[in-house]
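Data from input_17.pdb: PDB, C-alpha atoms, pLDDT in the B column
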```pdb
ATOM      1  CA  GLY A   1      14.021  21.063 -20.989  1.00 70.00           C
ATOM      2  CA  GLU A   2      16.996  19.228 -19.599  1.00 78.00           C
ATOM      3  CA  ASP A   3      17.484  15.617 -20.633  1.00 87.00           C
ATOM      4  CA  VAL A   4      19.727  13.354 -18.565  1.00 92.00           C
ATOM      5  CA  GLU A   5      20.681   9.877 -19.745  1.00 94.00           C
ATOM      6  CA  GLN A   6      22.433   6.946 -18.115  1.00 95.00           C
ATOM      7  CA  SER A   7      23.062   3.365 -19.049  1.00 91.00           C
ATOM      8  CA  LEU A   8      20.671   1.152 -17.119  1.00 91.00           C
ATOM      9  CA  PHE A   9      22.885  -1.641 -15.850  1.00 95.00           C
ATOM     10  CA  LEU A  10      26.490  -2.245 -14.792  1.00 97.00           C
ATOM     11  CA  SER A  11      27.948  -5.422 -13.342  1.00 97.00           C
ATOM     12  CA  VAL A  12      31.424  -5.661 -11.824  1.00 97.00           C
ATOM     13  CA  ARG A  13      33.392  -8.034  -9.628  1.00 97.00           C
ATOM     14  CA  GLU A  14      34.191  -7.152  -6.046  1.00 97.00           C
ATOM     15  CA  GLY A  15      37.459  -5.248  -5.843  1.00 97.00           C
ATOM     16  CA  ASP A  16      37.234  -3.898  -9.383  1.00 97.00           C
ATOM     17  CA  SER A  17      36.533  -0.282 -10.248  1.00 97.00           C
ATOM     18  CA  SER A  18      33.059   0.744 -11.417  1.00 98.00           C
ATOM     19  CA  VAL A  19      32.467   3.595 -13.820  1.00 98.00           C
ATOM     20  CA  ILE A  20      28.957   4.928 -14.238  1.00 98.00           C
ATOM     21  CA  ASN A  21      28.370   7.378 -17.044  1.00 97.00           C
ATOM     22  CA  CYS A  22      25.841  10.162 -17.550  1.00 96.00           C
ATOM     23  CA  THR A  23      25.158  12.621 -20.336  1.00 96.00           C
ATOM     24  CA  TYR A  24      23.053  15.759 -20.214  1.00 94.00           C
ATOM     25  CA  THR A  25      21.853  18.319 -22.700  1.00 91.00           C
ATOM     26  CA  ASP A  26      21.692  21.718 -21.015  1.00 84.00           C
ATOM     27  CA  SER A  27      25.065  23.439 -21.205  1.00 78.00           C
ATOM     28  CA  SER A  28      24.008  25.981 -18.577  1.00 79.00           C
ATOM     29  CA  SER A  29      23.868  23.285 -15.889  1.00 79.00           C
ATOM     30  CA  THR A  30      25.535  24.535 -12.745  1.00 81.00           C
ATOM     31  CA  TYR A  31      25.555  21.669 -10.259  1.00 85.00           C
ATOM     32  CA  LEU A  32      25.815  17.992 -11.063  1.00 91.00           C
ATOM     33  CA  TYR A  33      25.098  15.287  -8.516  1.00 91.00           C
ATOM     34  CA  TRP A  34      25.396  11.586  -7.914  1.00 95.00           C
ATOM     35  CA  TYR A  35      22.896   9.862  -5.660  1.00 93.00           C
ATOM     36  CA  LYS A  36      22.676   6.295  -4.400  1.00 95.00           C
ATOM     37  CA  GLN A  37      19.389   4.510  -3.787  1.00 92.00           C
ATOM     38  CA  GLU A  38      19.162   1.172  -2.041  1.00 91.00           C
ATOM     39  CA  PRO A  39      16.002  -0.969  -2.375  1.00 86.00           C
ATOM     40  CA  GLY A  40      12.962   0.606  -0.743  1.00 81.00           C
ATOM     41  CA  ALA A  41      14.910   3.612   0.482  1.00 84.00           C
ATOM     42  CA  GLY A  42      15.217   7.267  -0.371  1.00 84.00           C
ATOM     43  CA  LEU A  43      18.157   8.869  -2.089  1.00 87.00           C
ATOM     44  CA  GLN A  44      21.535   9.409  -0.502  1.00 88.00           C
ATOM     45  CA  LEU A  45      23.662  12.219  -1.864  1.00 87.00           C
ATOM     46  CA  LEU A  46      27.084  10.753  -2.633  1.00 92.00           C
ATOM     47  CA  THR A  47      28.870  13.696  -4.118  1.00 91.00           C
ATOM     48  CA  TYR A  48      28.434  16.686  -6.374  1.00 89.00           C
ATOM     49  CA  ILE A  49      30.548  18.830  -8.633  1.00 91.00           C
ATOM     50  CA  PHE A  50      30.288  22.419  -9.766  1.00 88.00           C
ATOM     51  CA  SER A  51      30.281  23.076 -13.471  1.00 87.00           C
ATOM     52  CA  ASN A  52      33.570  25.001 -13.229  1.00 89.00           C
ATOM     53  CA  MET A  53      35.377  21.877 -12.014  1.00 91.00           C
ATOM     54  CA  ASP A  54      36.777  18.996 -14.060  1.00 94.00           C
ATOM     55  CA  MET A  55      37.278  16.492 -11.300  1.00 96.00           C
ATOM     56  CA  LYS A  56      36.423  15.858  -7.704  1.00 95.00           C
ATOM     57  CA  GLN A  57      37.713  13.038  -5.534  1.00 96.00           C
ATOM     58  CA  ASP A  58      36.224  11.903  -2.261  1.00 93.00           C
ATOM     59  CA  GLN A  59      37.720   8.740  -0.790  1.00 95.00           C
ATOM     60  CA  ARG A  60      36.740   5.894  -3.164  1.00 97.00           C
ATOM     61  CA  LEU A  61      34.650   8.170  -5.372  1.00 97.00           C
ATOM     62  CA  THR A  62      35.971  10.166  -8.318  1.00 97.00           C
ATOM     63  CA  VAL A  63      33.733  12.402 -10.401  1.00 97.00           C
ATOM     64  CA  LEU A  64      34.862  13.535 -13.828  1.00 97.00           C
ATOM     65  CA  LEU A  65      33.113  16.274 -15.766  1.00 96.00           C
ATOM     66  CA  ASN A  66      33.618  16.974 -19.450  1.00 95.00           C
ATOM     67  CA  LYS A  67      31.650  20.134 -20.097  1.00 93.00           C
ATOM     68  CA  LYS A  68      32.391  20.181 -23.785  1.00 93.00           C
ATOM     69  CA  ASP A  69      30.823  16.755 -24.273  1.00 94.00           C
ATOM     70  CA  LYS A  70      28.275  17.268 -21.446  1.00 94.00           C
ATOM     71  CA  HIS A  71      29.469  14.028 -19.909  1.00 96.00           C
ATOM     72  CA  LEU A  72      29.676  13.168 -16.233  1.00 96.00           C
ATOM     73  CA  SER A  73      31.081   9.994 -14.732  1.00 97.00           C
ATOM     74  CA  LEU A  74      31.325   8.436 -11.308  1.00 98.00           C
ATOM     75  CA  ARG A  75      34.168   6.049 -10.588  1.00 98.00           C
ATOM     76  CA  ILE A  76      33.986   3.829  -7.528  1.00 98.00           C
ATOM     77  CA  ALA A  77      37.339   2.316  -6.630  1.00 98.00           C
ATOM     78  CA  ASP A  78      37.603  -1.098  -4.970  1.00 97.00           C
ATOM     79  CA  THR A  79      33.898  -1.765  -5.423  1.00 98.00           C
ATOM     80  CA  GLN A  80      32.298  -3.727  -2.592  1.00 97.00           C
ATOM     81  CA  THR A  81      29.076  -5.745  -2.434  1.00 95.00           C
ATOM     82  CA  GLY A  82      27.614  -2.984  -0.286  1.00 95.00           C
ATOM     83  CA  ASP A  83      27.950  -0.653  -3.250  1.00 97.00           C
ATOM     84  CA  SER A  84      25.245  -2.602  -5.090  1.00 96.00           C
ATOM     85  CA  ALA A  85      22.410  -0.105  -5.599  1.00 96.00           C
ATOM     86  CA  ILE A  86      20.883   2.224  -8.151  1.00 95.00           C
ATOM     87  CA  TYR A  87      22.944   5.303  -8.909  1.00 97.00           C
ATOM     88  CA  PHE A  88      21.247   8.437 -10.184  1.00 95.00           C
ATOM     89  CA  CYS A  89      22.875  11.312 -11.973  1.00 95.00           C
ATOM     90  CA  ALA A  90      21.086  14.635 -11.465  1.00 92.00           C
ATOM     91  CA  VAL A  91      21.650  18.038 -12.986  1.00 90.00           C
ATOM     92  CA  ASN A  92      20.589  21.506 -11.843  1.00 83.00           C
ATOM     93  CA  THR A  93      20.150  24.594 -13.887  1.00 69.00           C
ATOM     94  CA  ASN A  94      18.180  26.437 -11.226  1.00 60.00           C
ATOM     95  CA  ALA A  95      19.573  25.774  -7.772  1.00 50.00           C
ATOM     96  CA  GLY A  96      17.498  23.160  -5.993  1.00 59.00           C
ATOM     97  CA  LYS A  97      15.454  21.935  -8.962  1.00 74.00           C
ATOM     98  CA  SER A  98      17.083  18.815 -10.310  1.00 83.00           C
ATOM     99  CA  THR A  99      16.509  16.676 -13.362  1.00 87.00           C
ATOM    100  CA  PHE A 100      17.346  13.036 -12.770  1.00 91.00           C
ATOM    101  CA  GLY A 101      18.568  10.344 -15.097  1.00 93.00           C
ATOM    102  CA  ASP A 102      16.837   6.977 -15.127  1.00 91.00           C
ATOM    103  CA  GLY A 103      19.408   5.426 -12.819  1.00 94.00           C
ATOM    104  CA  THR A 104      22.105   2.799 -13.304  1.00 96.00           C
ATOM    105  CA  THR A 105      21.696  -0.453 -11.419  1.00 96.00           C
ATOM    106  CA  LEU A 106      25.119  -1.524 -10.181  1.00 97.00           C
ATOM    107  CA  THR A 107      25.526  -5.187  -9.341  1.00 97.00           C
ATOM    108  CA  VAL A 108      28.692  -6.247  -7.556  1.00 97.00           C
ATOM    109  CA  LYS A 109      29.525  -9.935  -7.759  1.00 95.00           C
ATOM    110  CA  PRO A 110      31.694 -11.562  -5.104  1.00 91.00           C
TER
ATOM    111  CA  GLY B   1      24.250  15.934   8.972  1.00 65.00           C
ATOM    112  CA  ALA B   2      20.910  17.165   7.717  1.00 77.00           C
ATOM    113  CA  VAL B   3      18.108  14.654   8.187  1.00 88.00           C
ATOM    114  CA  VAL B   4      14.728  14.558   6.493  1.00 92.00           C
ATOM    115  CA  SER B   5      11.998  12.256   7.716  1.00 94.00           C
ATOM    116  CA  GLN B   6       8.763  11.151   6.107  1.00 96.00           C
ATOM    117  CA  HIS B   7       5.663   9.759   7.703  1.00 96.00           C
ATOM    118  CA  PRO B   8       4.208   7.281   7.139  1.00 96.00           C
ATOM    119  CA  SER B   9       6.794   5.057   5.501  1.00 94.00           C
ATOM    120  CA  ARG B  10       4.061   2.832   4.075  1.00 95.00           C
ATOM    121  CA  VAL B  11       0.355   3.363   3.683  1.00 97.00           C
ATOM    122  CA  ILE B  12      -2.432   1.339   2.139  1.00 97.00           C
ATOM    123  CA  CYS B  13      -5.695   3.075   1.454  1.00 96.00           C
ATOM    124  CA  LYS B  14      -8.924   2.366  -0.355  1.00 97.00           C
ATOM    125  CA  SER B  15      -9.788   3.941  -3.643  1.00 97.00           C
ATOM    126  CA  GLY B  16     -11.589   7.258  -3.176  1.00 97.00           C
ATOM    127  CA  THR B  17     -10.024   8.137   0.161  1.00 97.00           C
ATOM    128  CA  SER B  18      -7.370  10.786   0.851  1.00 97.00           C
ATOM    129  CA  VAL B  19      -3.916  10.247   2.252  1.00 97.00           C
ATOM    130  CA  LYS B  20      -1.579  12.765   3.862  1.00 97.00           C
ATOM    131  CA  ILE B  21       2.193  12.343   3.768  1.00 97.00           C
ATOM    132  CA  GLU B  22       4.430  14.455   5.987  1.00 97.00           C
ATOM    133  CA  CYS B  23       7.961  15.581   5.247  1.00 96.00           C
ATOM    134  CA  ARG B  24      10.013  17.044   8.067  1.00 95.00           C
ATOM    135  CA  SER B  25      13.483  18.515   8.219  1.00 92.00           C
ATOM    136  CA  LEU B  26      14.674  17.369  11.633  1.00 92.00           C
ATOM    137  CA  ASP B  27      17.767  19.416  12.344  1.00 87.00           C
ATOM    138  CA  PHE B  28      17.599  22.294   9.918  1.00 87.00           C
ATOM    139  CA  GLN B  29      15.168  24.800   8.490  1.00 87.00           C
ATOM    140  CA  ALA B  30      14.053  24.419   4.918  1.00 86.00           C
ATOM    141  CA  THR B  31      12.456  27.227   2.975  1.00 82.00           C
ATOM    142  CA  THR B  32      12.093  24.955  -0.005  1.00 87.00           C
ATOM    143  CA  MET B  33      10.978  21.353  -0.159  1.00 92.00           C
ATOM    144  CA  PHE B  34      10.431  19.217  -3.212  1.00 92.00           C
ATOM    145  CA  TRP B  35       8.032  16.373  -3.812  1.00 95.00           C
ATOM    146  CA  TYR B  36       8.950  13.576  -6.187  1.00 94.00           C
ATOM    147  CA  ARG B  37       7.213  10.492  -7.405  1.00 95.00           C
ATOM    148  CA  GLN B  38       9.038   7.346  -8.381  1.00 91.00           C
ATOM    149  CA  PHE B  39       7.554   4.385 -10.231  1.00 84.00           C
ATOM    150  CA  PRO B  40       9.158   0.944  -9.920  1.00 80.00           C
ATOM    151  CA  LYS B  41      12.538   0.774 -11.637  1.00 76.00           C
ATOM    152  CA  GLN B  42      12.142   4.324 -12.894  1.00 80.00           C
ATOM    153  CA  SER B  43      13.620   7.678 -12.157  1.00 85.00           C
ATOM    154  CA  LEU B  44      12.293  10.417  -9.917  1.00 89.00           C
ATOM    155  CA  MET B  45       9.727  12.730 -11.372  1.00 91.00           C
ATOM    156  CA  LEU B  46       9.489  16.150  -9.771  1.00 91.00           C
ATOM    157  CA  MET B  47       5.871  16.865  -8.897  1.00 94.00           C
ATOM    158  CA  ALA B  48       6.071  20.229  -7.196  1.00 94.00           C
ATOM    159  CA  THR B  49       8.249  22.704  -5.378  1.00 92.00           C
ATOM    160  CA  SER B  50       6.966  23.729  -1.986  1.00 89.00           C
ATOM    161  CA  ASN B  51       7.941  27.093  -0.518  1.00 86.00           C
ATOM    162  CA  GLU B  52       7.239  27.975   3.085  1.00 83.00           C
ATOM    163  CA  GLY B  53       4.374  30.400   3.399  1.00 82.00           C
ATOM    164  CA  SER B  54       3.416  30.448  -0.249  1.00 84.00           C
ATOM    165  CA  LYS B  55       1.676  28.303  -2.813  1.00 88.00           C
ATOM    166  CA  ALA B  56       3.459  25.348  -4.266  1.00 92.00           C
ATOM    167  CA  THR B  57       4.696  25.395  -7.842  1.00 92.00           C
ATOM    168  CA  TYR B  58       3.518  22.346  -9.734  1.00 94.00           C
ATOM    169  CA  GLU B  59       5.253  20.743 -12.678  1.00 92.00           C
ATOM    170  CA  GLN B  60       3.440  20.431 -15.952  1.00 92.00           C
ATOM    171  CA  GLY B  61       0.963  17.581 -15.961  1.00 93.00           C
ATOM    172  CA  VAL B  62       0.622  17.347 -12.187  1.00 95.00           C
ATOM    173  CA  GLU B  63      -2.907  18.022 -10.958  1.00 94.00           C
ATOM    174  CA  LYS B  64      -2.719  20.582  -8.175  1.00 93.00           C
ATOM    175  CA  ASP B  65      -6.223  19.790  -6.968  1.00 95.00           C
ATOM    176  CA  LYS B  66      -5.358  16.149  -6.614  1.00 96.00           C
ATOM    177  CA  PHE B  67      -1.969  16.544  -4.987  1.00 97.00           C
ATOM    178  CA  LEU B  68      -2.393  19.206  -2.323  1.00 96.00           C
ATOM    179  CA  ILE B  69       0.815  20.602  -0.884  1.00 94.00           C
ATOM    180  CA  ASN B  70       1.068  22.659   2.272  1.00 91.00           C
ATOM    181  CA  HIS B  71       4.352  24.063   3.580  1.00 89.00           C
ATOM    182  CA  ALA B  72       3.154  25.526   6.847  1.00 83.00           C
ATOM    183  CA  SER B  73       6.486  25.915   8.606  1.00 89.00           C
ATOM    184  CA  LEU B  74      10.189  25.884   7.939  1.00 89.00           C
ATOM    185  CA  THR B  75      10.398  22.245   8.976  1.00 92.00           C
ATOM    186  CA  LEU B  76       7.212  20.684   7.640  1.00 94.00           C
ATOM    187  CA  SER B  77       5.626  20.148   4.258  1.00 94.00           C
ATOM    188  CA  THR B  78       2.669  17.869   3.610  1.00 96.00           C
ATOM    189  CA  LEU B  79       1.408  16.182   0.469  1.00 97.00           C
ATOM    190  CA  THR B  80      -2.212  15.079   0.432  1.00 97.00           C
ATOM    191  CA  VAL B  81      -3.319  12.703  -2.290  1.00 97.00           C
ATOM    192  CA  THR B  82      -7.022  13.345  -2.627  1.00 97.00           C
ATOM    193  CA  SER B  83      -9.550  10.842  -3.915  1.00 97.00           C
ATOM    194  CA  ALA B  84      -6.795   8.313  -4.448  1.00 97.00           C
ATOM    195  CA  HIS B  85      -6.969   5.801  -7.280  1.00 96.00           C
ATOM    196  CA  PRO B  86      -4.890   2.673  -7.888  1.00 96.00           C
ATOM    197  CA  GLU B  87      -2.819   4.541 -10.492  1.00 95.00           C
ATOM    198  CA  ASP B  88      -1.672   6.881  -7.706  1.00 96.00           C
ATOM    199  CA  SER B  89       0.144   3.951  -6.113  1.00 95.00           C
ATOM    200  CA  SER B  90       3.788   4.891  -6.108  1.00 94.00           C
ATOM    201  CA  PHE B  91       6.826   5.770  -4.027  1.00 94.00           C
ATOM    202  CA  TYR B  92       6.683   9.415  -2.954  1.00 96.00           C
ATOM    203  CA  ILE B  93       9.921  11.078  -1.906  1.00 94.00           C
ATOM    204  CA  CYS B  94      10.455  14.546  -0.514  1.00 94.00           C
ATOM    205  CA  SER B  95      13.630  16.546  -0.313  1.00 91.00           C
ATOM    206  CA  ALA B  96      14.591  19.731   1.464  1.00 89.00           C
ATOM    207  CA  ARG B  97      17.088  22.466   0.846  1.00 83.00           C
ATOM    208  CA  THR B  98      18.623  24.418   3.692  1.00 75.00           C
ATOM    209  CA  ILE B  99      18.084  28.151   4.036  1.00 68.00           C
ATOM    210  CA  GLY B 100      20.685  29.834   1.895  1.00 64.00           C
ATOM    211  CA  GLY B 101      21.791  26.494   0.591  1.00 58.00           C
ATOM    212  CA  ALA B 102      22.131  26.385  -3.120  1.00 57.00           C
ATOM    213  CA  VAL B 103      23.777  23.067  -3.613  1.00 66.00           C
ATOM    214  CA  GLU B 104      22.625  20.226  -1.482  1.00 73.00           C
ATOM    215  CA  GLN B 105      19.238  18.612  -1.267  1.00 79.00           C
ATOM    216  CA  TYR B 106      18.551  16.155   1.494  1.00 85.00           C
ATOM    217  CA  PHE B 107      16.097  13.408   0.706  1.00 89.00           C
ATOM    218  CA  GLY B 108      13.606  11.697   2.926  1.00 91.00           C
ATOM    219  CA  PRO B 109      13.341   7.903   3.046  1.00 91.00           C
ATOM    220  CA  GLY B 110      10.184   7.863   0.940  1.00 93.00           C
ATOM    221  CA  THR B 111       6.584   6.787   1.445  1.00 95.00           C
ATOM    222  CA  ARG B 112       5.182   3.750  -0.317  1.00 94.00           C
ATOM    223  CA  LEU B 113       1.526   4.408  -1.170  1.00 96.00           C
ATOM    224  CA  THR B 114      -0.678   1.527  -2.266  1.00 96.00           C
ATOM    225  CA  VAL B 115      -4.247   2.264  -3.294  1.00 97.00           C
ATOM    226  CA  THR B 116      -6.541  -0.756  -3.418  1.00 96.00           C
TER
END
```

Go ahead and express the file in the form of structure tokens.
Amino acid sequence: GEDVEQSLFLSVREGDSSVINCTYTDSSSTYLYWYKQEPGAGLQLLTYIFSNMDMKQDQRLTVLLNKKDKHLSLRIADTQTGDSAIYFCAVNTNAGKSTFGDGTTLTVKP
Amino acid sequence: GAVVSQHPSRVICKSGTSVKIECRSLDFQATTMFWYRQFPKQSLMLMATSNEGSKATYEQGVEKDKFLINHASLTLSTLTVTSAHPEDSSFYICSARTIGGAVEQYFGPGTRLTVT
């Protein structure tokens, strides 16, 4: 089955850019997602990208997809303390059924 | 935007009892809902896919007789944890996909279950 991996922790200073990386194994993946989870809460969909795209930008968020290397990244520009959370990468091969990575805990220091 | 609610948000029950968790899509219809389980500091594990009007599809290793799923309408799915044990304590999250929607899942806020 699909395997999705992320680094577990990232720490940045307020105002810097954050880059969270994700790798996956199934080359037939069609949709790739980034979710944000704050403590004790459910998941918030931040953005997604189709597998036929290389990049998607949405305000402070930039998603890059390298299909050849099966590598997905999320860049958060001008990171704020409110961005501190766990970020999950998720990958679909069948629409609606996602495999999640273990999550990257982003800590933003003032 | 699409909103999914869960009830209750927290529940404490005694070992051996059953607990029902509701997942509702508030402003859209969902033919498909998903139930996930999340352990502390871990990722989401898909338990089952719930389709309106039909039996749920369970992932490998998930006991269907223990985790009963009912998707009675296009806006409601329920998960019943039967004969709960302390190891069932976890954060249960549902998500819903809109009719005809192939891309976006909307997640509920989760239910924290503690079995004593």

Any chance you could tabulate, as a tab-separated table, the residues of chain B at most 10 Å from chain A with each one's nearest atom pair and distance in Å to one decimal, using all atoms listed in the file, in chain and rising number order?
```
residue	atom	partner	partner_atom	distance
B:Gln6	CA	A:Gly42	CA	9.9
B:Ser9	CA	A:Ala41	CA	9.7
B:Thr32	CA	A:Gly96	CA	8.3
B:Met33	CA	A:Gly96	CA	8.9
B:Phe34	CA	A:Lys97	CA	8.1
B:Pro40	CA	A:Gly40	CA	9.9
B:Lys41	CA	A:Asp102	CA	8.3
B:Gln42	CA	A:Asp102	CA	5.8
B:Ser43	CA	A:Asp102	CA	4.4
B:Leu44	CA	A:Phe100	CA	6.4
B:Met45	CA	A:Phe100	CA	7.8
B:Leu46	CA	A:Thr99	CA	7.9
B:Ala48	CA	A:Lys97	CA	9.7
B:Thr49	CA	A:Lys97	CA	8.1
B:Phe91	CA	A:Gly40	CA	8.7
B:Tyr92	CA	A:Gly42	CA	9.2
B:Ile93	CA	A:Gly42	CA	6.7
B:Cys94	CA	A:Gly42	CA	8.7
B:Ser95	CA	A:Leu43	CA	9.1
B:Ala96	CA	A:Gly96	CA	8.7
B:Arg97	CA	A:Gly96	CA	6.9
B:Thr98	CA	A:Gly96	CA	9.8
B:Gly101	CA	A:Gly96	CA	8.5
B:Ala102	CA	A:Ala95	CA	5.3
B:Val103	CA	A:Ala95	CA	6.5
B:Glu104	CA	A:Gly96	CA	7.4
B:Gln105	CA	A:Gly96	CA	6.8
B:Tyr106	CA	A:Leu45	CA	7.3
B:Phe107	CA	A:Leu43	CA	5.7
B:Gly108	CA	A:Gly42	CA	5.8
B:Pro109	CA	A:Gly42	CA	3.9
B:Gly110	CA	A:Gly42	CA	5.2
B:Thr111	CA	A:Gly42	CA	8.8
B:Arg112	CA	A:Gly40	CA	8.4
```

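Evaluated against the shown file, the PyMOL selection byres ((chain B and resi 73) around 9) gives Gln29, Ala30, Thr31, Glu52, Gly53, Asn70, His71, Ala72, Leu74, Thr75, Leu76 and Ser77 of chain B.
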
Smallest atom-to-atom distance to Asn66 of chain A: which of A:Trp34, A:Phe9, A:Tyr87, A:Tyr24, using all atoms listed in the file? A:Tyr24

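Nearest residue to Leu65 of chain A, choosing from A:Asn52, A:Pro110, A:Asp83, A:Gly15 and counting only C-alpha atoms: A:Asn52.
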
Can you translate the PyMOL selection byres ((chain B and resi 84) around 10) into the concrete residues it hits in this file, as a PDB file with C-alpha atoms, in the frame of the given file?
```
ATOM      1  CA  CYS B  13      -5.695   3.075   1.454  1.00 96.00           C
ATOM      2  CA  LYS B  14      -8.924   2.366  -0.355  1.00 97.00           C
ATOM      3  CA  SER B  15      -9.788   3.941  -3.643  1.00 97.00           C
ATOM      4  CA  GLY B  16     -11.589   7.258  -3.176  1.00 97.00           C
ATOM      5  CA  THR B  17     -10.024   8.137   0.161  1.00 97.00           C
ATOM      6  CA  SER B  18      -7.370  10.786   0.851  1.00 97.00           C
ATOM      7  CA  VAL B  19      -3.916  10.247   2.252  1.00 97.00           C
ATOM      8  CA  LYS B  66      -5.358  16.149  -6.614  1.00 96.00           C
ATOM      9  CA  PHE B  67      -1.969  16.544  -4.987  1.00 97.00           C
ATOM     10  CA  THR B  80      -2.212  15.079   0.432  1.00 97.00           C
ATOM     11  CA  VAL B  81      -3.319  12.703  -2.290  1.00 97.00           C
ATOM     12  CA  THR B  82      -7.022  13.345  -2.627  1.00 97.00           C
ATOM     13  CA  SER B  83      -9.550  10.842  -3.915  1.00 97.00           C
ATOM     14  CA  HIS B  85      -6.969   5.801  -7.280  1.00 96.00           C
ATOM     15  CA  PRO B  86      -4.890   2.673  -7.888  1.00 96.00           C
ATOM     16  CA  GLU B  87      -2.819   4.541 -10.492  1.00 95.00           C
ATOM     17  CA  ASP B  88      -1.672   6.881  -7.706  1.00 96.00           C
ATOM     18  CA  SER B  89       0.144   3.951  -6.113  1.00 95.00           C
ATOM     19  CA  LEU B 113       1.526   4.408  -1.170  1.00 96.00           C
ATOM     20  CA  THR B 114      -0.678   1.527  -2.266  1.00 96.00           C
ATOM     21  CA  VAL B 115      -4.247   2.264  -3.294  1.00 97.00           C
ATOM     22  CA  THR B 116      -6.541  -0.756  -3.418  1.00 96.00           C
TER      23      THR B 116
END
```

Starting from the PyMOL selection byres ((chain A and resi 70) around 12), expand the selection into actual residues of this file and give them as a PyMOL selection string. chain A and resi 2-5+21-30+32+51+54+64-69+71-73+91

Measure the distance from atom CA of Cys23 of chain B to atom CA of Pro8 of chain B in Å and round it to one decimal. 9.3 Å

Could you state the separation of atom CA of Thr107 of chain A and atom CA of Arg13 of chain A in Å, given to one decimal place? 8.4 Å

Suppose you want the space between atom CA of Asp27 of chain B and atom CA of Val11 of chain B; what is it in Å? 25.2 Å

Place N, CA and C atoms on segment 77-89 of chain B and deliver the coordinates as a PDB file, in the frame of the given file.
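Saved file out.pdb follows:
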```pdb
ATOM      1  N   SER B  77       6.442  20.059   5.462  1.00 94.00           N
ATOM      2  CA  SER B  77       5.626  20.148   4.258  1.00 94.00           C
ATOM      3  C   SER B  77       4.768  18.887   4.191  1.00 94.00           C
ATOM      4  N   THR B  78       3.537  19.037   3.736  1.00 96.00           N
ATOM      5  CA  THR B  78       2.669  17.869   3.610  1.00 96.00           C
ATOM      6  C   THR B  78       2.144  17.750   2.189  1.00 96.00           C
ATOM      7  N   LEU B  79       1.999  16.504   1.768  1.00 97.00           N
ATOM      8  CA  LEU B  79       1.408  16.182   0.469  1.00 97.00           C
ATOM      9  C   LEU B  79       0.165  15.354   0.740  1.00 97.00           C
ATOM     10  N   THR B  80      -0.971  15.831   0.283  1.00 97.00           N
ATOM     11  CA  THR B  80      -2.212  15.079   0.432  1.00 97.00           C
ATOM     12  C   THR B  80      -2.665  14.600  -0.934  1.00 97.00           C
ATOM     13  N   VAL B  81      -2.786  13.299  -1.055  1.00 97.00           N
ATOM     14  CA  VAL B  81      -3.319  12.703  -2.290  1.00 97.00           C
ATOM     15  C   VAL B  81      -4.814  12.566  -2.085  1.00 97.00           C
ATOM     16  N   THR B  82      -5.570  13.337  -2.822  1.00 97.00           N
ATOM     17  CA  THR B  82      -7.022  13.345  -2.627  1.00 97.00           C
ATOM     18  C   THR B  82      -7.700  12.375  -3.583  1.00 97.00           C
ATOM     19  N   SER B  83      -8.784  11.785  -3.105  1.00 97.00           N
ATOM     20  CA  SER B  83      -9.550  10.842  -3.915  1.00 97.00           C
ATOM     21  C   SER B  83      -8.611   9.887  -4.657  1.00 97.00           C
ATOM     22  N   ALA B  84      -7.852   9.156  -3.868  1.00 97.00           N
ATOM     23  CA  ALA B  84      -6.795   8.313  -4.448  1.00 97.00           C
ATOM     24  C   ALA B  84      -7.371   7.211  -5.330  1.00 97.00           C
ATOM     25  N   HIS B  85      -6.631   6.891  -6.371  1.00 96.00           N
ATOM     26  CA  HIS B  85      -6.969   5.801  -7.280  1.00 96.00           C
ATOM     27  C   HIS B  85      -5.786   4.850  -7.364  1.00 96.00           C
ATOM     28  N   PRO B  86      -6.009   3.626  -7.798  1.00 96.00           N
ATOM     29  CA  PRO B  86      -4.890   2.673  -7.888  1.00 96.00           C
ATOM     30  C   PRO B  86      -3.700   3.201  -8.693  1.00 96.00           C
ATOM     31  N   GLU B  87      -3.942   4.014  -9.701  1.00 95.00           N
ATOM     32  CA  GLU B  87      -2.819   4.541 -10.492  1.00 95.00           C
ATOM     33  C   GLU B  87      -1.975   5.560  -9.725  1.00 95.00           C
ATOM     34  N   ASP B  88      -2.467   5.990  -8.549  1.00 96.00           N
ATOM     35  CA  ASP B  88      -1.672   6.881  -7.706  1.00 96.00           C
ATOM     36  C   ASP B  88      -0.679   6.101  -6.859  1.00 96.00           C
ATOM     37  N   SER B  89      -0.796   4.784  -6.871  1.00 95.00           N
ATOM     38  CA  SER B  89       0.144   3.951  -6.113  1.00 95.00           C
ATOM     39  C   SER B  89       1.552   4.206  -6.629  1.00 95.00           C
TER      40      SER B  89
END
```
